[in-house]
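Take a look at the structure set out below.
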Amino acid sequence: MLREFVEKKHYKFAAGAETWQEAVRMSCESLEADGTVNAQYAEEIIRCVEKYGPYIIIMPDVAMPHSQEGSANVNKTAIGFMKLEKPVSFDPGDPEKDATLFFTLAASDSDQHMANMVRLSEMLMTDGVADALKAARTPEDLLTIQEKYLD
């Protein structure tokens with residue numbers, strides 16, 4: 001999966017974001033760049049988080065921005081990765097709702113959406129991967145993590 005991020009250029013490394021909304025927009029940029037999603041996809045995710053709360057925080061320090069599967073703003077199925085140096089808070093006062101790692105899901109249908117969620121969960125449950133990703137600074141680091149933990 002990490003190799004796919006690098007090959008498709010679906011990654012971003014950034015110092016931080018002023019707000020969680022800005023972080024969500026930034027996390028969609030690599031998917032927008034190749035037409036995987038439309039620019040409106042980030043706004044759709046933001047509206048969902050505003051309506052339902054920070055459901056995209058899947059574990060401390062890890063966000064999985066996504067909207068409903070089959071969104072009209074999704075053109076292809078893919079996952080984008082973003083790493084922030086400084087955490088962004090989705091619920092000030094609750095550090096469990098901070099994130100530095102973002103895995104933005106875009107899926108054309110519900111089967112692909114579920115398959116991506118399973119792949120992502122399996123990867124994050126692999127011992128050492130989440131900590132290694134938090135230390136990553138470059139696409140080459142992603143490839144090293146792929147080789148060390150996932151191949």
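We name chains A, B, ... following the order of the structure tokens; residues begin at 1 in each chain, and ligands are numbered from 1 as shown.
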Considering only C-alpha atoms, return as a ChimeraX atom specification whatever protein or nucleic-acid residues lie within 7 Å of range 28-31 of chain A, sequence-local ones (same chain, fewer than 6 positions apart) excluded.
-> /A:9-12,37,42,80,104
Members of range 5-115 of chain A assigned strand (DSSP E or B) by DSSP, as a ChimeraX atom specification = /A:11-14,37,57-59,61-63,74,78-89,98-106
For the residues in the current selection, export N, CA, C and O atoms as a tab-separated table (two decimals), in the first residue's frame.
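This is the output file result.tsv:
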chain	number	residue	atom	x	y	z
A	11	TYR	N	0.78	11.22	-1.94
A	11	TYR	CA	1.33	11.48	-0.61
A	11	TYR	C	1.63	12.96	-0.47
A	11	TYR	O	1.78	13.68	-1.47
A	12	LYS	N	1.69	13.41	0.78
A	12	LYS	CA	2.04	14.80	1.08
A	12	LYS	C	2.67	14.81	2.46
A	12	LYS	O	2.18	14.14	3.38
A	13	PHE	N	3.76	15.54	2.60
A	13	PHE	CA	4.40	15.78	3.89
A	13	PHE	C	4.32	17.28	4.14
A	13	PHE	O	4.67	18.06	3.26
A	14	ALA	N	3.83	17.67	5.32
A	14	ALA	CA	3.66	19.10	5.61
A	14	ALA	C	3.97	19.37	7.08
A	14	ALA	O	3.89	18.48	7.93
A	37	VAL	N	-10.20	12.58	-7.32
A	37	VAL	CA	-11.36	13.25	-6.73
A	37	VAL	C	-11.44	14.67	-7.26
A	37	VAL	O	-10.45	15.24	-7.71
A	57	ILE	N	-11.38	10.01	12.90
A	57	ILE	CA	-10.24	9.63	13.76
A	57	ILE	C	-10.44	8.15	14.09
A	57	ILE	O	-11.37	7.79	14.82
A	58	ILE	N	-9.58	7.30	13.55
A	58	ILE	CA	-9.77	5.86	13.72
A	58	ILE	C	-8.93	5.30	14.87
A	58	ILE	O	-9.21	4.20	15.35
A	59	MET	N	-7.92	6.04	15.28
A	59	MET	CA	-7.12	5.71	16.45
A	59	MET	C	-6.34	6.97	16.78
A	59	MET	O	-6.26	7.87	15.95
A	61	ASP	N	-3.99	9.81	16.81
A	61	ASP	CA	-3.00	10.31	15.86
A	61	ASP	C	-3.25	9.90	14.40
A	61	ASP	O	-2.46	10.23	13.54
A	62	VAL	N	-4.33	9.18	14.14
A	62	VAL	CA	-4.59	8.70	12.77
A	62	VAL	C	-6.01	9.07	12.33
A	62	VAL	O	-6.99	8.70	12.98
A	63	ALA	N	-6.08	9.79	11.21
A	63	ALA	CA	-7.37	10.17	10.62
A	63	ALA	C	-7.55	9.45	9.29
A	63	ALA	O	-6.58	9.23	8.56
A	74	VAL	N	-15.99	11.59	-6.49
A	74	VAL	CA	-14.91	10.59	-6.62
A	74	VAL	C	-14.96	10.02	-8.03
A	74	VAL	O	-15.99	9.54	-8.48
A	78	ALA	N	-8.95	5.17	-4.71
A	78	ALA	CA	-7.55	5.30	-4.29
A	78	ALA	C	-7.52	5.73	-2.83
A	78	ALA	O	-8.54	6.10	-2.24
A	79	ILE	N	-6.32	5.69	-2.26
A	79	ILE	CA	-6.08	6.21	-0.92
A	79	ILE	C	-4.91	7.18	-1.03
A	79	ILE	O	-3.93	6.90	-1.70
A	80	GLY	N	-5.04	8.32	-0.37
A	80	GLY	CA	-3.95	9.28	-0.29
A	80	GLY	C	-3.40	9.31	1.12
A	80	GLY	O	-4.14	9.13	2.09
A	81	PHE	N	-2.10	9.55	1.25
A	81	PHE	CA	-1.44	9.62	2.56
A	81	PHE	C	-0.91	11.02	2.79
A	81	PHE	O	-0.35	11.64	1.88
A	82	MET	N	-1.08	11.52	4.02
A	82	MET	CA	-0.48	12.78	4.40
A	82	MET	C	0.08	12.66	5.81
A	82	MET	O	-0.56	12.09	6.68
A	83	LYS	N	1.25	13.22	6.00
A	83	LYS	CA	1.90	13.25	7.32
A	83	LYS	C	2.15	14.70	7.71
A	83	LYS	O	2.77	15.45	6.96
A	84	LEU	N	1.63	15.11	8.86
A	84	LEU	CA	1.88	16.43	9.41
A	84	LEU	C	2.93	16.31	10.52
A	84	LEU	O	2.89	15.36	11.30
A	85	GLU	N	3.82	17.27	10.60
A	85	GLU	CA	4.81	17.29	11.69
A	85	GLU	C	4.14	17.67	13.01
A	85	GLU	O	4.48	17.13	14.06
A	86	LYS	N	3.20	18.59	12.94
A	86	LYS	CA	2.51	19.07	14.14
A	86	LYS	C	1.05	18.58	14.08
A	86	LYS	O	0.37	18.76	13.07
A	87	PRO	N	0.57	17.94	15.14
A	87	PRO	CA	-0.80	17.42	15.11
A	87	PRO	C	-1.85	18.53	14.96
A	87	PRO	O	-1.64	19.66	15.38
A	88	VAL	N	-2.96	18.14	14.36
A	88	VAL	CA	-4.11	19.04	14.26
A	88	VAL	C	-5.21	18.41	15.11
A	88	VAL	O	-5.35	17.19	15.16
A	89	SER	N	-5.99	19.25	15.79
A	89	SER	CA	-7.02	18.76	16.69
A	89	SER	C	-8.40	18.81	16.04
A	89	SER	O	-8.80	19.82	15.47
A	98	ASP	N	-6.61	14.12	18.12
A	98	ASP	CA	-5.58	14.80	17.33
A	98	ASP	C	-5.08	13.84	16.26
A	98	ASP	O	-5.15	12.62	16.44
A	99	ALA	N	-4.56	14.38	15.16
A	99	ALA	CA	-4.03	13.51	14.10
A	99	ALA	C	-2.82	14.14	13.42
A	99	ALA	O	-2.77	15.36	13.23
A	100	THR	N	-1.86	13.29	13.09
A	100	THR	CA	-0.73	13.68	12.25
A	100	THR	C	-0.69	12.83	10.99
A	100	THR	O	-0.12	13.23	9.99
A	101	LEU	N	-1.27	11.63	11.05
A	101	LEU	CA	-1.30	10.74	9.89
A	101	LEU	C	-2.70	10.75	9.30
A	101	LEU	O	-3.68	10.54	10.01
A	102	PHE	N	-2.78	10.99	8.00
A	102	PHE	CA	-4.06	11.04	7.30
A	102	PHE	C	-4.04	10.04	6.15
A	102	PHE	O	-3.12	10.05	5.33
A	103	PHE	N	-5.06	9.21	6.10
A	103	PHE	CA	-5.24	8.27	4.99
A	103	PHE	C	-6.60	8.61	4.39
A	103	PHE	O	-7.64	8.25	4.94
A	104	THR	N	-6.59	9.34	3.29
A	104	THR	CA	-7.82	9.82	2.68
A	104	THR	C	-8.34	8.80	1.68
A	104	THR	O	-7.66	8.46	0.72
A	105	LEU	N	-9.55	8.31	1.96
A	105	LEU	CA	-10.16	7.27	1.11
A	105	LEU	C	-11.06	7.91	0.06
A	105	LEU	O	-11.86	8.79	0.36
A	106	ALA	N	-10.93	7.41	-1.14
A	106	ALA	CA	-11.84	7.75	-2.23
A	106	ALA	C	-12.25	6.43	-2.87
A	106	ALA	O	-11.39	5.64	-3.26
Work out how far apart CA of Lys76 in chain A and CA of Lys148 in chain A are and give it in Å to one decimal.
-> 29.0 Å
Could you check which of A:Leu133, A:Leu150, A:Val6, A:Ile45 is closest to Ser27 in chain A, using only C-alpha atoms?
->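 Selected residue with least distance to Ser27 in chain A: A:Ile45.
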Work out how far CA of Arg3 in chain A is from CA of Leu143 in chain A, in Å to one decimal.
->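 So the answer is 5.8 Å.
With only C-alpha atoms as the atoms that count, the residue of A:Phe90, A:Pro95, A:Trp20, A:His113 with the shortest distance to His66 in chain A is A:His113.
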What are the DSSP helix (DSSP H, G or I) residues of chain A, as an NGL selection string?
-> :A and (2-7 or 20-33 or 40-52 or 95-97 or 110-125 or 129-135 or 139-150)
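From CA of Val129 in chain A back to CA of Thr144 in chain A, the distance works out to 10.8 Å.
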Nearest to Ala115 in chain A, chosen from A:Thr36, A:Thr77, A:Ser67, A:Thr138, with only C-alpha atoms counted in the distances =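 So, comparing all the options, the nearest one is A:Thr77.
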Measuring atom to atom with only C-alpha atoms, identify which of A:Gln146, A:Ser71, A:Thr19, A:Asn116 is nearest to Tyr41 in chain A.
-> A:Ser71
